[in-house]
Structure formats: structure tokens, C-alpha cells
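Just upload24.cif here, mmCIF, C-alpha atoms:
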```cif
data_data
loop_
_atom_site.label_atom_id
_atom_site.label_comp_id
_atom_site.auth_asym_id
_atom_site.auth_seq_id
_atom_site.Cartn_x
_atom_site.Cartn_y
_atom_site.Cartn_z
CA MET A 1 60.23 27.99 17.77
CA THR A 2 57.99 29.53 20.41
CA TRP A 3 54.26 28.73 20.24
CA THR A 4 51.39 30.60 21.91
CA CYS A 5 47.78 29.77 22.81
CA GLU A 6 46.55 32.17 20.11
CA GLN A 7 48.63 30.34 17.53
CA THR A 8 47.24 27.02 18.71
CA GLU A 9 43.68 28.24 18.25
CA ALA A 10 44.40 29.88 14.88
CA ARG A 11 46.28 26.89 13.44
CA LEU A 12 44.23 24.17 15.05
CA SER A 13 42.53 23.13 11.79
CA ASP A 14 45.83 23.11 9.96
CA TYR A 15 47.20 20.84 12.67
CA LEU A 16 44.20 18.52 12.49
CA ASP A 17 44.24 18.48 8.67
CA GLY A 18 48.00 17.77 8.66
CA LEU A 19 48.93 21.04 6.95
CA LEU A 20 51.64 22.13 9.40
CA ASP A 21 55.29 21.67 8.48
CA ALA A 22 57.60 19.68 10.73
CA ALA A 23 58.82 22.62 12.81
CA GLU A 24 55.32 23.97 13.35
CA TRP A 25 54.07 20.46 14.17
CA SER A 26 56.74 19.99 16.79
CA ALA A 27 56.19 23.43 18.38
CA PHE A 28 52.42 22.88 18.38
CA ASN A 29 52.73 19.52 20.13
CA GLN A 30 55.22 20.83 22.63
CA HIS A 31 52.96 23.71 23.58
CA VAL A 32 49.74 21.70 23.79
CA ASN A 33 51.36 19.04 25.97
CA THR A 34 52.34 21.67 28.52
CA CYS A 35 49.39 24.11 28.29
CA ALA A 36 46.40 23.43 30.55
CA THR A 37 44.14 25.60 28.35
CA CYS A 38 45.09 24.22 24.95
CA THR A 39 45.07 20.51 25.83
CA PRO A 40 41.28 20.26 26.41
CA LEU A 41 40.67 22.59 23.46
CA VAL A 42 42.53 20.37 21.03
CA ALA A 43 40.94 17.24 22.49
CA SER A 44 37.40 18.60 22.24
CA VAL A 45 37.86 19.89 18.67
CA ALA A 46 39.40 16.57 17.60
CA HIS A 47 36.44 14.78 19.20
CA THR A 48 34.01 17.12 17.42
CA LEU A 49 35.73 16.48 14.11
CA GLY A 50 35.38 12.75 14.71
CA GLY A 51 31.67 13.29 15.36
CA LEU A 52 31.32 15.29 12.13
CA TYR A 53 33.08 12.61 10.10
CA ALA A 54 30.85 9.98 11.69
CA LEU A 55 27.70 11.69 10.44
CA GLU A 56 26.23 9.48 7.75
CA GLN A 57 24.56 10.60 4.59
CA ILE A 58 20.81 10.87 4.96
CA GLU A 59 18.74 9.22 2.25
CA PRO A 60 16.26 11.66 0.72
CA PRO A 61 12.60 10.59 0.81
CA PRO A 62 11.59 8.49 -2.23
CA GLN A 63 8.93 10.96 -3.34
CA LEU A 64 11.44 13.84 -3.60
CA GLU A 65 12.94 12.90 -6.94
CA PRO A 66 9.58 12.50 -8.77
CA ALA A 67 8.42 15.74 -7.16
CA ILE A 68 11.49 17.55 -8.53
CA LEU A 69 10.91 16.09 -11.98
CA ARG A 70 7.26 17.15 -11.89
CA ALA A 71 8.23 20.65 -10.79
CA THR A 72 10.87 21.04 -13.50
CA VAL A 73 10.25 18.99 -16.64
CA GLY A 74 6.64 18.01 -15.95
CA VAL A 75 5.09 14.63 -15.24
CA VAL A 76 7.66 11.91 -15.77
CA ARG A 77 7.03 8.24 -15.29
CA THR A 78 9.90 6.65 -13.43
CA LYS A 79 10.54 3.04 -12.55
CA ARG A 80 9.70 3.92 -8.97
CA ASP A 81 6.34 5.29 -10.09
CA PHE A 82 5.69 2.09 -11.99
CA TRP A 83 6.41 -0.09 -8.96
CA ALA A 84 4.30 2.21 -6.78
CA TRP A 85 1.49 1.78 -9.32
CA LEU A 86 1.95 -1.99 -9.23
CA ARG A 87 1.81 -1.99 -5.43
CA SER A 88 -1.42 -0.01 -5.56
CA LEU A 89 -2.96 -2.90 -7.54
CA GLN A 90 -2.60 -5.10 -4.47
CA SER A 91 -5.53 -3.36 -2.81
CA PRO A 92 -8.42 -5.74 -1.92
CA ARG A 93 -10.85 -3.65 -3.92
CA PHE A 94 -8.94 -4.15 -7.16
CA VAL A 95 -8.28 -7.83 -6.46
CA TYR A 96 -11.98 -8.56 -5.86
CA SER A 97 -12.94 -6.73 -9.04
CA ALA A 98 -10.33 -8.55 -11.07
CA VAL A 99 -11.40 -11.94 -9.71
CA SER A 100 -15.06 -11.15 -10.50
CA VAL A 101 -14.23 -10.16 -14.05
CA ALA A 102 -12.07 -13.26 -14.53
CA ALA A 103 -14.83 -15.53 -13.15
CA THR A 104 -17.39 -13.90 -15.47
CA ILE A 105 -15.15 -14.42 -18.49
CA VAL A 106 -14.56 -18.08 -17.54
CA LEU A 107 -18.28 -18.66 -17.07
CA LEU A 108 -19.18 -17.02 -20.37
CA LEU A 109 -16.52 -18.95 -22.27
CA THR A 110 -17.57 -22.22 -20.62
CA ALA A 111 -21.20 -21.49 -21.42
CA THR A 112 -20.36 -20.89 -25.05
CA GLY A 113 -18.61 -24.27 -25.23
CA PHE A 114 -15.01 -23.17 -25.09
CA ASN A 115 -12.75 -26.17 -24.56
CA TRP A 116 -10.25 -25.29 -21.82
CA ARG A 117 -8.21 -28.46 -22.33
CA LYS A 118 -7.73 -27.93 -26.04
CA PRO A 119 -8.24 -24.23 -26.61
CA LYS A 120 -8.58 -23.18 -30.23
CA LEU A 121 -8.70 -19.74 -31.66
CA ALA A 122 -11.61 -20.83 -33.86
CA ASP A 123 -13.67 -21.42 -30.70
CA LEU A 124 -13.58 -17.71 -30.05
CA ALA A 125 -14.89 -16.78 -33.52
CA PRO A 126 -18.13 -14.77 -33.18
CA ALA A 127 -20.09 -17.12 -35.52
CA THR A 128 -19.05 -20.22 -33.53
CA VAL A 129 -19.83 -18.54 -30.25
CA TYR A 130 -23.25 -17.44 -31.61
CA HIS A 131 -24.18 -20.92 -32.89
CA ARG A 132 -23.17 -22.60 -29.65
CA ALA A 133 -24.89 -20.03 -27.52
CA ASN A 134 -28.02 -20.35 -29.69
CA GLY A 135 -27.98 -24.15 -29.30
CA TYR A 136 -27.51 -23.90 -25.55
CA VAL A 137 -30.36 -21.42 -25.28
CA HIS A 138 -32.72 -23.70 -27.21
CA VAL A 139 -31.79 -26.75 -25.18
CA ALA A 140 -32.22 -24.81 -21.98
CA TYR A 141 -35.61 -23.51 -23.16
CA ALA A 142 -36.81 -27.03 -24.07
CA ARG A 143 -35.67 -28.43 -20.73
CA SER A 144 -37.32 -25.66 -18.80
CA THR A 145 -40.58 -26.15 -20.77
CA LYS A 146 -40.53 -29.88 -20.06
CA PHE A 147 -39.81 -29.23 -16.44
CA VAL A 148 -42.74 -26.84 -16.16
CA SER A 149 -45.14 -29.28 -17.84
CA ASP A 150 -43.94 -32.11 -15.55
CA LEU A 151 -44.57 -29.90 -12.61
CA ARG A 152 -48.06 -29.21 -13.88
CA VAL A 153 -48.88 -32.93 -14.20
CA VAL A 154 -47.56 -33.63 -10.73
CA TYR A 155 -49.59 -30.74 -9.39
CA GLU A 156 -52.77 -32.02 -11.02
CA ILE A 157 -52.30 -35.50 -9.60
CA GLN A 158 -51.62 -34.09 -6.18
CA SER A 159 -54.70 -31.88 -6.31
CA ARG A 160 -56.88 -34.81 -7.31
CA MET A 161 -55.56 -36.89 -4.46
CA ASN A 162 -56.20 -34.07 -2.05
CA GLU A 163 -59.75 -33.76 -3.29
CA ALA A 164 -60.26 -37.48 -2.85
CA ASP A 165 -58.94 -37.32 0.68
CA GLN A 166 -61.36 -34.54 1.53
CA ASN A 167 -64.40 -36.28 -0.08
CA PRO A 168 -64.80 -40.01 1.05
CA ALA A 169 -67.71 -40.70 -1.37
CA MET A 170 -65.53 -39.86 -4.26
CA ARG A 171 -62.78 -42.03 -2.84
CA GLU A 172 -65.07 -45.09 -2.95
CA GLU A 173 -65.84 -44.46 -6.57
CA THR A 174 -62.30 -43.86 -7.60
CA ILE A 175 -60.32 -46.21 -5.41
CA PRO A 176 -61.02 -49.93 -6.08
CA GLN A 177 -61.68 -51.93 -2.93
CA SER A 178 -61.97 -55.61 -2.28
CA SER A 179 -65.68 -56.34 -2.24
CA PRO A 180 -67.04 -58.03 0.87
CA LYS A 181 -68.38 -61.49 0.75
CA LYS A 182 -71.87 -61.33 -0.71
CA GLU A 183 -74.61 -63.69 0.23
CA PRO A 184 -77.88 -63.86 -1.64
CA GLY A 185 -80.85 -62.71 0.44
CA ARG A 186 -78.64 -60.86 2.94
CA THR A 187 -77.79 -57.25 2.90
CA ASP A 188 -74.50 -55.89 4.00
CA ASN A 189 -74.99 -52.97 6.28
CA THR A 190 -72.35 -50.87 4.67
CA ASN A 191 -74.48 -48.62 2.49
CA PRO A 192 -78.06 -49.83 2.07
CA SER A 193 -79.23 -46.77 0.15
CA THR A 194 -76.90 -47.35 -2.82
CA PRO A 195 -78.03 -50.06 -5.25
CA LYS A 196 -75.55 -52.78 -5.94
CA GLN A 197 -74.95 -54.63 -9.13
CA GLN A 198 -75.01 -57.89 -7.19
CA ASN A 199 -78.48 -57.17 -5.87
CA ARG A 200 -79.71 -56.61 -9.37
CA ALA A 201 -78.21 -59.98 -10.39
CA ASN A 202 -79.94 -61.62 -7.44
CA ASP A 203 -83.26 -60.16 -8.60
CA ALA A 204 -82.74 -61.52 -12.11
CA SER A 205 -81.96 -65.05 -10.82
CA LYS A 206 -85.10 -64.98 -8.69
CA ARG A 207 -87.18 -64.04 -11.74
CA LEU A 208 -85.56 -66.82 -13.74
CA GLU A 209 -86.52 -69.34 -11.05
CA VAL A 210 -90.16 -68.11 -11.16
CA LEU A 211 -90.19 -68.41 -14.96
CA ALA A 212 -88.80 -71.95 -14.72
CA CYS A 213 -91.66 -72.96 -12.45
CA GLU A 214 -94.22 -71.48 -14.80
CA PHE A 215 -92.62 -72.84 -17.98
CA PRO A 216 -90.81 -76.15 -17.18
CA ILE A 217 -89.90 -76.64 -20.85
CA LEU A 218 -87.60 -73.64 -20.69
CA SER A 219 -86.14 -74.43 -17.33
CA GLY A 220 -83.20 -76.54 -18.53
CA SER A 221 -82.00 -74.12 -21.18
CA LEU A 222 -82.47 -71.05 -18.92
CA VAL A 223 -80.65 -72.65 -15.99
CA ASP A 224 -77.85 -73.76 -18.30
CA ARG A 225 -77.64 -70.29 -19.76
CA ARG A 226 -77.57 -68.68 -16.30
CA VAL A 227 -74.84 -70.92 -14.92
CA PRO A 228 -71.91 -71.20 -17.32
CA MET B 1 20.10 13.10 -10.84
CA ARG B 2 19.88 10.82 -7.80
CA ARG B 3 23.47 11.63 -6.75
CA HIS B 4 22.84 15.37 -6.94
CA THR B 5 19.49 15.02 -5.13
CA ARG B 6 21.16 13.14 -2.30
CA ARG B 7 24.02 15.63 -2.00
CA ILE B 8 21.83 18.74 -2.07
CA PHE B 9 19.32 17.18 0.34
CA ASN B 10 22.12 16.39 2.80
CA ILE B 11 23.52 19.93 2.65
CA CYS B 12 20.03 21.34 3.26
CA TYR B 13 19.29 18.89 6.05
CA ARG B 14 22.58 19.53 7.86
CA PHE B 15 22.05 23.28 7.55
CA THR B 16 18.41 23.40 8.67
CA GLY B 17 18.24 20.26 10.83
CA ASN B 18 14.73 19.70 9.55
CA ARG B 19 13.78 17.00 7.08
CA THR B 20 10.69 18.73 5.67
CA GLU B 21 12.48 22.03 5.18
CA ALA B 22 15.40 20.21 3.57
CA GLU B 23 12.99 18.50 1.18
CA ASP B 24 11.36 21.78 0.17
CA LEU B 25 14.71 23.53 -0.19
CA THR B 26 16.12 20.71 -2.34
CA GLN B 27 13.15 21.05 -4.65
CA ASP B 28 13.65 24.84 -4.77
CA VAL B 29 17.33 24.35 -5.62
CA PHE B 30 16.52 22.10 -8.58
CA LEU B 31 13.82 24.48 -9.73
CA ARG B 32 16.20 27.43 -9.66
CA VAL B 33 18.94 25.41 -11.38
CA TYR B 34 16.45 24.39 -14.07
CA ARG B 35 15.37 28.00 -14.65
CA THR B 36 18.86 29.50 -14.60
CA LEU B 37 20.60 26.73 -16.48
CA ALA B 38 21.39 29.14 -19.31
CA SER B 39 23.50 31.25 -16.97
CA TYR B 40 25.78 28.33 -16.10
CA ARG B 41 29.34 28.60 -17.37
CA SER B 42 31.75 25.69 -17.18
CA ALA B 43 34.51 28.10 -16.19
CA TYR B 44 32.68 28.62 -12.94
CA GLY B 45 34.21 25.45 -11.49
CA GLY B 46 32.03 22.57 -12.54
CA PHE B 47 28.32 21.89 -12.44
CA ALA B 48 28.38 20.43 -8.92
CA THR B 49 30.13 23.52 -7.54
CA TRP B 50 27.61 25.75 -9.30
CA MET B 51 24.72 23.75 -7.84
CA THR B 52 26.30 23.97 -4.39
CA SER B 53 26.56 27.73 -4.83
CA VAL B 54 22.87 27.93 -5.75
CA THR B 55 22.07 25.80 -2.70
CA ARG B 56 24.11 28.01 -0.41
CA ASN B 57 22.38 31.16 -1.68
CA LEU B 58 18.96 29.60 -1.13
CA LEU B 59 19.94 28.42 2.35
CA ILE B 60 21.06 31.90 3.34
CA ASP B 61 17.82 33.35 1.93
CA HIS B 62 15.87 30.77 3.91
CA TYR B 63 17.87 31.51 7.06
CA ARG B 64 17.15 35.24 6.79
CA ARG B 65 13.48 34.60 6.02
CA THR B 66 12.98 32.38 9.06
CA LYS B 67 15.19 34.39 11.42
CA ARG B 68 12.24 36.21 12.93
CA ASP B 69 10.44 32.94 13.71
CA ARG B 70 13.55 31.56 15.42
CA VAL B 71 13.94 34.69 17.55
CA THR B 72 10.33 34.34 18.70
CA ASP B 73 10.93 30.65 19.44
CA SER B 74 14.08 31.38 21.46
CA LEU B 75 12.26 34.01 23.51
CA ASP B 76 9.52 31.52 24.28
CA ASP B 77 12.04 28.87 25.17
CA ALA B 78 13.62 29.81 28.50
CA MET B 79 15.28 26.46 29.12
CA PRO B 80 18.97 26.41 30.07
CA VAL B 81 21.54 25.69 27.40
CA VAL B 82 22.45 22.23 28.68
CA GLU B 83 18.84 21.12 28.43
CA ASN B 84 18.48 22.51 24.93
CA LYS B 85 19.56 19.19 23.51
CA GLU B 86 16.16 17.90 24.53
CA SER B 87 14.27 20.83 23.06
CA VAL B 88 15.92 20.52 19.67
CA ALA B 89 15.19 16.81 19.51
CA ARG B 90 13.64 15.90 16.16
CA ARG B 91 11.27 13.12 15.34
CA PRO B 92 12.03 9.90 17.22
CA ASP B 93 12.92 8.01 14.07
CA GLU B 94 15.38 10.70 13.04
CA GLN B 95 16.98 10.70 16.48
CA ALA B 96 17.29 6.94 16.46
CA LEU B 97 18.70 7.06 12.94
CA LEU B 98 21.40 9.55 13.78
CA GLY B 99 22.46 7.95 17.01
CA GLU B 100 23.25 9.80 20.19
CA LEU B 101 26.49 11.57 19.22
CA SER B 102 25.37 12.18 15.66
CA GLY B 103 22.14 13.71 16.94
CA GLN B 104 24.07 15.95 19.30
CA VAL B 105 26.47 17.04 16.58
CA GLN B 106 23.54 17.80 14.27
CA SER B 107 21.87 19.74 17.06
CA ALA B 108 25.04 21.74 17.70
CA LEU B 109 25.42 22.44 13.98
CA THR B 110 22.06 24.19 13.81
CA ARG B 111 23.18 26.50 16.62
CA LEU B 112 26.27 27.68 14.79
CA SER B 113 26.18 31.02 13.00
CA PRO B 114 25.26 30.52 9.31
CA GLU B 115 28.68 31.68 8.04
CA LEU B 116 30.54 29.16 10.18
CA ARG B 117 27.91 26.46 9.67
CA GLU B 118 28.09 26.50 5.88
CA ALA B 119 31.88 26.44 5.96
CA VAL B 120 31.98 23.42 8.30
CA ILE B 121 29.29 21.58 6.32
CA LEU B 122 31.06 22.10 3.01
CA ARG B 123 34.46 21.13 4.37
CA ASP B 124 33.83 18.41 6.93
CA LEU B 125 30.60 16.88 5.68
CA GLN B 126 30.78 17.39 1.92
CA GLN B 127 34.59 17.06 1.81
CA LEU B 128 34.99 19.98 -0.59
CA GLU B 129 38.44 21.41 -1.31
CA TYR B 130 39.30 24.90 -0.08
CA ILE B 131 39.26 26.25 -3.62
CA GLU B 132 35.75 24.87 -4.21
CA ILE B 133 34.50 26.34 -0.94
CA GLN B 134 36.10 29.62 -1.94
CA ARG B 135 34.08 29.61 -5.19
CA VAL B 136 30.86 28.64 -3.48
CA LEU B 137 31.11 31.20 -0.68
CA GLU B 138 32.77 33.82 -2.91
CA VAL B 139 35.29 34.77 -0.22
CA PRO B 140 39.09 34.62 -0.16
CA GLU B 141 40.87 31.40 0.81
CA GLY B 142 42.09 32.88 4.09
CA THR B 143 38.51 33.68 5.09
CA VAL B 144 37.45 30.14 4.20
CA LYS B 145 40.17 28.62 6.38
CA SER B 146 39.38 31.01 9.21
CA ARG B 147 35.68 30.22 9.08
CA ILE B 148 36.29 26.49 9.06
CA ASN B 149 38.66 26.74 11.99
CA ARG B 150 36.37 28.98 14.01
CA GLY B 151 33.41 26.83 13.10
CA ARG B 152 35.06 23.68 14.47
CA ILE B 153 36.13 25.40 17.70
CA GLU B 154 32.67 26.92 18.17
CA LEU B 155 31.03 23.58 17.50
CA ALA B 156 33.25 21.93 20.11
CA ARG B 157 32.31 24.63 22.60
CA ILE B 158 28.58 24.14 21.95
CA LEU B 159 28.95 20.38 22.36
CA GLN B 160 30.77 20.92 25.66
CA GLN B 161 27.89 23.12 26.80
CA MET B 162 25.54 20.32 25.85
CA GLY B 163 27.50 17.96 28.08
CA VAL B 164 29.32 16.13 25.31
CA ARG B 165 32.95 15.66 26.25
CA PRO B 166 35.72 13.54 24.72
CA ALA B 167 36.17 10.18 26.38
#
```

Exercise: express the given structure as C-alpha cells:
Amino acid sequence: MTWTCEQTEARLSDYLDGLLDAAEWSAFNQHVNTCATCTPLVASVAHTLGGLYALEQIEPPPQLEPAILRATVGVVRTKRDFWAWLRSLQSPRFVYSAVSVAATIVLLLTATGFNWRKPKLADLAPATVYHRANGYVHVAYARSTKFVSDLRVVYEIQSRMNEADQNPAMREETIPQSSPKKEPGRTDNTNPSTPKQQNRANDASKRLEVLACEFPILSGSLVDRRVP
Amino acid sequence: MRRHTRRIFNICYRFTGNRTEAEDLTQDVFLRVYRTLASYRSAYGGFATWMTSVTRNLLIDHYRRTKRDRVTDSLDDAMPVVENKESVARRPDEQALLGELSGQVQSALTRLSPELREAVILRDLQQLEYIEIQRVLEVPEGTVKSRINRGRIELARILQQMGVRPA
């Protein structure tokens, strides 16, 4: 069987796909092995076919399928949508909000006396929550009232002490001091203008001595009465 | 659904060489299939073959619609043929994904005439039988074989021009 270059080009795909019969196969090979034009042609097409077969399937983008469903049958929730929605919950904004809400709920439940170690459904009953909250409010009010009144007392004491510090005369009246050693007939030079109880007592004893001189009969009883 | 989406997307991507266009065309295919589902007959050769036929028609429409833009682009691009492999380079991630030879083959595919391109894609990439390709392209079997053969030879010639030679 004679084989030409035109036949080689026309039957090249049949040769590569294995569709030639034995005689054609033999004639094809014989011609290609001796033809300087057909040898590189067959080699390059075989190489190209290898490259085509090596092309891998491209994965479509994940949003394509939901987009097709939206365009055809309307909005359809797929598993992929669900996971995408779940992933969107990982945003810091949502996490902060969720943590704040959870902390508020915990605080409120703790404030209403909810027992976290032994949780009971009855603890969440509105009446129970109201009674506990009412009790807590009253206790808190009483404590705050007591605290305010204590503060007032402390403030008053402090203000008095400040006044005493600023006014020394008042301090002498208010603050007890150890009295200096008194001697009859001598004046202490501390504050001569103010009368002293001791001075008055000294005057009385002097008068008693004068009376005793004038009336000797009374002297014994008066002296005894003066000195216990 | 996922299997059909993947298959149609791959046909569109290999034909256009552009991921975004392939995505839009895949969506258009499903939309047309959804609207013309009543016209489907099982005698046509199976649902997949019918979908492929719809895809092919849309791809040809798209090719004709964008032909003017491509002519303008080719006039603007005065680079020699051998250097065209650089100009048709896609996004870096796509290029890396395809690999060097795969990228070159894809690049050469987009430079084939649409008649030869669709025949090669259906036969060598989608592994369709001749009878299925005949139904999709609505041409006789001899024409299908001829187009596939010419498509392969033309593709090899383009690759040689791009500097790709068998080892």
C-alpha cells in the first residue's frame, strides 16, 4: 500500500486514536519514518494531544452555583451558604456584641440570686425573680442610706475638729488639759484675765480664816468642814 | 447540579480562556436551559448532550458578539506571534495553576478558529464520542472528524509558532 503526505495529514487523528486497520497502520508508519515533512508533523501533533490530555479540570468559583440557583429558581439556602453565614459570625464586631450580651445576662441572673451551681427552673420564674430583686433593692437602699448617714457624722466631726484647730480659745475649752501646779497666792502667767475656779476657792478659804479669827467658837467646825 | 456546573464551566473556560466570561456564560447556559426545559426531548441524545448543545450555541453567539472587540485588540497589539504567549497571559494565579505547557496549550486554543476549537474541546477535553459531537454541532460525522483532525494539526502549528516543540 502506497501512502502520501496528504493521507498522513488527513488520517493523522485516526492514527493517533488507533482507528486505522493493520494495513493502513503499517503504511502510515512506513511513510512517516521515511518522510522528512511528516515526521515532525506527527511528533508535534502527538505532543499537542498529550498537552490537551494533561489539561486538568478547572474548579468553578464557589459563588457560581448559588448565583445560578438565584438566577433560576430564586433564593436557595445551600449548605455552603450556611457555612458562609457561620464564618461571617466570626467577625470581631459580632463576637464583642455577643460577649457583652452574655455578660449582661450573667450579671442580671447573678443579681437576681440565680444559683449557677445548682440551677433550677423555678429560679427563673418571674415571681421569684421579682421577690429576690425587690429584696436586693431594699437591702442596697438601706446600706446606701446607712453609708450616707455615716459619712455625714464623720463629716461633722471633721468640721468640728477643723474649727477647733482654727480657733485656739475654743480648743482650750473643749480639749481637757493637765492643769499646772497651783500655788495659793501666786498667779500663773498663762491667762491672767480669765478667772479660775481655784482662785475663787482661794478667796473663800481666806474669808474662812478671817471669820475664824473673829469668831473662835466656829473655827474648829469651819476648819473641819473645809478640810475633809 | 455540581457536576453539570463544573462541566459547562470548563467548556466555557477552555473556549474563551477567561474565567469571568466563563462564569457569566455558565450562568447564561443554566438560565437558558431553565427557560427552555419544556423543549427538551429525550430522543435528542440525553440531557447532558442537550446542555452541551445549548452551551455551544451560546459560545458561538458570544464569539460573534465579541469579535469586533477582538479585532480592535489585535490591531492595537502589534507584537510578533512568538511573543504573543506573553500578551495572552492571564492572571498570575491562573497561569501558575495551569502550569507552563497547560497555559501554552490554553493560549493556543483561544487562537484556533471557533469551528475547530469547539470540535477539539468536545473531543479531546470533554472526551465526547463522535456521535455526540455530531449531535451537538449538528454536522455530519465526516465533518466532525475533519474538524477534529484539522483542529489538532492547527493547534500543533500554533504551539510551534509559540516556541513549544516536542522534547

Find the residues of chain A that sit at most 12 Å from chain B; for each, write down the nearest two atoms and how far apart they are in Å, to one decimal. Count all atoms listed in the file. Sort by chain, then by number going up, and give it as CSV.
```
residue,atom,partner,partner_atom,distance
A:Gln7,CA,B:Asn149,CA,12.0
A:Thr8,CA,B:Asn149,CA,10.9
A:Glu9,CA,B:Ile153,CA,8.1
A:Ala10,CA,B:Asn149,CA,7.2
A:Arg11,CA,B:Asn149,CA,7.8
A:Leu12,CA,B:Asn149,CA,6.9
A:Ser13,CA,B:Asn149,CA,5.3
A:Asp14,CA,B:Asn149,CA,8.3
A:Tyr15,CA,B:Asn149,CA,10.4
A:Leu16,CA,B:Asn149,CA,9.9
A:Asp17,CA,B:Asn149,CA,10.5
A:Leu19,CA,B:Lys145,CA,11.6
A:Cys38,CA,B:Ile153,CA,11.6
A:Thr39,CA,B:Pro166,CA,11.7
A:Pro40,CA,B:Pro166,CA,8.9
A:Leu41,CA,B:Ile153,CA,7.9
A:Val42,CA,B:Ile153,CA,8.8
A:Ala43,CA,B:Pro166,CA,6.8
A:Ser44,CA,B:Ala156,CA,5.7
A:Val45,CA,B:Ala156,CA,5.2
A:Ala46,CA,B:Ala156,CA,8.5
A:His47,CA,B:Pro166,CA,5.7
A:Thr48,CA,B:Ala156,CA,5.6
A:Leu49,CA,B:Arg152,CA,7.2
A:Gly50,CA,B:Asp124,CA,9.7
A:Gly51,CA,B:Ser102,CA,6.4
A:Leu52,CA,B:Asp124,CA,6.6
A:Tyr53,CA,B:Leu125,CA,6.6
A:Ala54,CA,B:Ser102,CA,7.1
A:Leu55,CA,B:Ser102,CA,5.7
A:Glu56,CA,B:Leu98,CA,7.7
A:Gln57,CA,B:Asn10,CA,6.5
A:Ile58,CA,B:Asn10,CA,6.1
A:Glu59,CA,B:Arg6,CA,6.5
A:Pro60,CA,B:Arg6,CA,5.9
A:Pro61,CA,B:Glu23,CA,7.9
A:Pro62,CA,B:Arg2,CA,10.3
A:Gln63,CA,B:Glu23,CA,9.7
A:Leu64,CA,B:Glu23,CA,6.9
A:Glu65,CA,B:Thr5,CA,7.1
A:Pro66,CA,B:Gln27,CA,10.1
A:Ala67,CA,B:Gln27,CA,7.5
A:Ile68,CA,B:Gln27,CA,5.5
A:Leu69,CA,B:Phe30,CA,8.9
A:Arg70,CA,B:Leu31,CA,10.1
A:Ala71,CA,B:Leu31,CA,6.9
A:Thr72,CA,B:Leu31,CA,5.9
A:Val73,CA,B:Tyr34,CA,8.6
A:Gly74,CA,B:Leu31,CA,11.5
```

Please dump the current selection as a short mmCIF file (atom, residue, chain, number, x, y, z; two decimals), keeping the file's coordinate frame; keep C-alpha atoms.
```cif
data_model
loop_
_atom_site.label_atom_id
_atom_site.label_comp_id
_atom_site.auth_asym_id
_atom_site.auth_seq_id
_atom_site.Cartn_x
_atom_site.Cartn_y
_atom_site.Cartn_z
CA GLN A 7 48.63 30.34 17.53
CA THR A 8 47.24 27.02 18.71
CA GLU A 9 43.68 28.24 18.25
CA ALA A 10 44.40 29.88 14.88
CA ARG A 11 46.28 26.89 13.44
CA LEU A 12 44.23 24.17 15.05
CA SER A 13 42.53 23.13 11.79
CA ASP A 14 45.83 23.11 9.96
CA TYR A 15 47.20 20.84 12.67
CA LEU A 16 44.20 18.52 12.49
CA ASP A 17 44.24 18.48 8.67
CA LEU A 19 48.93 21.04 6.95
CA CYS A 38 45.09 24.22 24.95
CA THR A 39 45.07 20.51 25.83
CA PRO A 40 41.28 20.26 26.41
CA LEU A 41 40.67 22.59 23.46
CA VAL A 42 42.53 20.37 21.03
CA ALA A 43 40.94 17.24 22.49
CA SER A 44 37.40 18.60 22.24
CA VAL A 45 37.86 19.89 18.67
CA ALA A 46 39.40 16.57 17.60
CA HIS A 47 36.44 14.78 19.20
CA THR A 48 34.01 17.12 17.42
CA LEU A 49 35.73 16.48 14.11
CA GLY A 50 35.38 12.75 14.71
CA GLY A 51 31.67 13.29 15.36
CA LEU A 52 31.32 15.29 12.13
CA TYR A 53 33.08 12.61 10.10
CA ALA A 54 30.85 9.98 11.69
CA LEU A 55 27.70 11.69 10.44
CA GLU A 56 26.23 9.48 7.75
CA GLN A 57 24.56 10.60 4.59
CA ILE A 58 20.81 10.87 4.96
CA GLU A 59 18.74 9.22 2.25
CA PRO A 60 16.26 11.66 0.72
CA PRO A 61 12.60 10.59 0.81
CA PRO A 62 11.59 8.49 -2.23
CA GLN A 63 8.93 10.96 -3.34
CA LEU A 64 11.44 13.84 -3.60
CA GLU A 65 12.94 12.90 -6.94
CA PRO A 66 9.58 12.50 -8.77
CA ALA A 67 8.42 15.74 -7.16
CA ILE A 68 11.49 17.55 -8.53
CA LEU A 69 10.91 16.09 -11.98
CA ARG A 70 7.26 17.15 -11.89
CA ALA A 71 8.23 20.65 -10.79
CA THR A 72 10.87 21.04 -13.50
CA VAL A 73 10.25 18.99 -16.64
CA GLY A 74 6.64 18.01 -15.95
#
```

Next item on the list: Identify, on the basis of only C-alpha atoms, every residue whose closest approach to Ala125 of chain A does not exceed 12 Å; exclude the query and any residue fewer than 4 positions from it along the same chain; express the result as JSON, numbers by chain.
Entry: {"A": [109, 112, 113, 114, 120, 121, 129, 130, 131, 132]}

Next item on the list: Would you please work out which residue, of B:Ser113, B:Ser107, B:Thr143, B:Thr66, is nearest to Tyr130 of chain B when using only C-alpha atoms?
Entry: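 Looking at the shortest contact to Tyr130 of chain B, the residue is B:Thr143.
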
To box segment 101-108 of chain B, take all atoms listed in the file, fit an axis-aligned box, add 3 Å on each side, and give centre and edge lengths in Å to one decimal, as lines of an AutoDock Vina configuration file.
```
center_x = 24.2
center_y = 16.7
center_z = 16.8
size_x = 10.6
size_y = 16.2
size_z = 11.0
```

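Pairwise distance (atom CA of Arg56 of chain B, atom CA of Leu116 of chain B) equals 12.4 Å.
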
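Between atom CA of Trp50 of chain B and atom CA of Thr36 of chain B there is a distance of 10.9 Å.
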
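For the pair atom CA of Gly135 of chain A and atom CA of Ala122 of chain A, the separation is 17.3 Å.
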
Margin query: Excluding Thr49 of chain B and its own-chain neighbours fewer than 4 positions away, which residues fall within 7 Å of it when counting all atoms listed in the file? Please give them as number ranges by chain.
Written below: B: 45, 53, 132, 136

Next item on the list: I need the residue set behind the PyMOL selection byres ((chain B and resi 133) around 9) for this file; please write it as a ChimeraX atom specification.
Entry: /B:49,53,119,122-123,128-132,134-139,141,144

Margin query: Let me make sure I understand: among B:Gly17, B:Arg41, B:Gly142, B:Phe47, which one has the smallest atom-to-atom distance to Leu59 of chain B if we use all atoms listed in the file?
Written below: B:Gly17

Check: Got a sec: who's within 9 Å of Glu24 of chain A, counting all atoms listed in the file, leaving out chain neighbours fewer than 3 positions off, as a list in words?
Finding: Met1, Trp3, Tyr15, Leu20, Asp21, Ala27, Phe28 and Asn29 of chain A
